[in-house]
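In what follows, a structure is listed as C-alpha cells, so that the remarks can point back to it.
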Amino acid sequence: NLAIETCTVLVDKGYHNGREITRCKDNNIVTIVAHPDPGKSNENGTQPAYLVAKFKYNKQTDTYICPQGATLKTTGRWHKKTREKDSYQFKKYRTPACKTCL
C-alpha cells in the first residue's frame, strides 16, 4: 500500500512478541521497542545476575553463554507454548554446569 521497501515503526512495550518482531524483520520493517522490564527476583526465583538479558547469544553456533561463562546448547527441538491469546515456539538451552553453579 505504501509502495516502499522498508520502514521503521515504534512498537508499544508489552503488546508484541518474538513472532511478531520476526515477521516485521522478514518484511524489512525495522522495529523500535523499549527494553522489557527484567522481571523481579526473589530468594526462590531468578537472581538478578541470571536474568535473560545477562545471557549472550551466538548465532553461528546457536548457543548461549551464561554470566559465569558456561555454554548452553540446544538439541534443536522446538517446543510449543500456548497461551490464552496466542502461541509460539521456542527451543530449550541447557548446560550441565548449572548443576554445580553457585
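We name chains A, B, ... following the order of the C-alpha cells; residues begin at 1 in each chain, and ligands are numbered from 1 as shown.
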
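Considering only chain A, backbone DSSP assigns strand (DSSP E) to Cys7, Thr8, Val9, Leu10, Val11, Ile29, Val30, Thr31, Ile32, Val33, Lys56, Tyr57, Asn58, Thr63, Tyr64, Ile65, Thr71, Leu72, Trp78, His79, Lys80, Lys81, Thr82, Ser87, Tyr88, Gln89, Phe90 and Lys91 of chain A.
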
Which residues are near segment 49-55 of chain A? Cut-off 7 Å, only C-alpha atoms, ignore same chain within fewer than 4 positions. Put them as a ChimeraX atom specification.
/A:38,64-67

Saved selection, atoms kept: N, CA and C atoms, as a compact mmCIF listing (two decimals), in the first residue's frame:
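Written out: result23.txt:
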```
# COMPACT_ATOMS: atom_id res chain seq x y z
N PRO A 38 13.21 -6.36 33.36
CA PRO A 38 13.95 -7.60 33.54
C PRO A 38 13.24 -8.61 34.43
N TYR A 64 24.06 -20.18 23.87
CA TYR A 64 24.08 -19.03 24.77
C TYR A 64 25.27 -19.17 25.71
N ILE A 65 25.83 -18.05 26.12
CA ILE A 65 26.87 -18.02 27.14
C ILE A 65 26.26 -17.39 28.38
N CYS A 66 26.32 -18.11 29.49
CA CYS A 66 25.73 -17.60 30.73
C CYS A 66 26.68 -16.60 31.39
N PRO A 67 26.23 -15.89 32.41
CA PRO A 67 27.08 -14.90 33.09
C PRO A 67 28.35 -15.51 33.70
```

Write out as a PDB file with N, CA and C atoms, in the first residue's frame each polymer residue whose atoms come within 8 Å of Asn28 of chain A, counting only C-alpha atoms; drop sequence neighbours fewer than 5 positions from it.
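Just written: result.pdb:
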```
ATOM      1  N   GLU A   5      10.129  -0.007   0.304  1.00  0.00           N
ATOM      2  CA  GLU A   5      10.822  -1.270   0.542  1.00  0.00           C
ATOM      3  C   GLU A   5      11.055  -1.543   2.020  1.00  0.00           C
ATOM      4  N   THR A   6      11.173  -0.511   2.812  1.00  0.00           N
ATOM      5  CA  THR A   6      11.407  -0.681   4.242  1.00  0.00           C
ATOM      6  C   THR A   6      10.826   0.508   4.992  1.00  0.00           C
ATOM      7  N   CYS A   7      10.588   0.298   6.286  1.00  0.00           N
ATOM      8  CA  CYS A   7      10.140   1.404   7.132  1.00  0.00           C
ATOM      9  C   CYS A   7      10.529   1.095   8.572  1.00  0.00           C
TER      10      CYS A   7
END
```

Using only C-alpha atoms, determine which residues lie at most 12 Å from segment 76-86 of chain A, disregarding the query and same-chain residues fewer than 6 positions distant; provide the list as a VMD selection string.
chain A and resid 15 to 20 61 to 63 92 to 94

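Going from atom CA of Thr8 of chain A over to atom CA of Ile32 of chain A, you cover 7.4 Å.
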
For Thr31 of chain A, please output as a count of residues only all residues within 8 Å (counting only C-alpha atoms; exclusion window: fewer than 6 positions along the same chain).
7
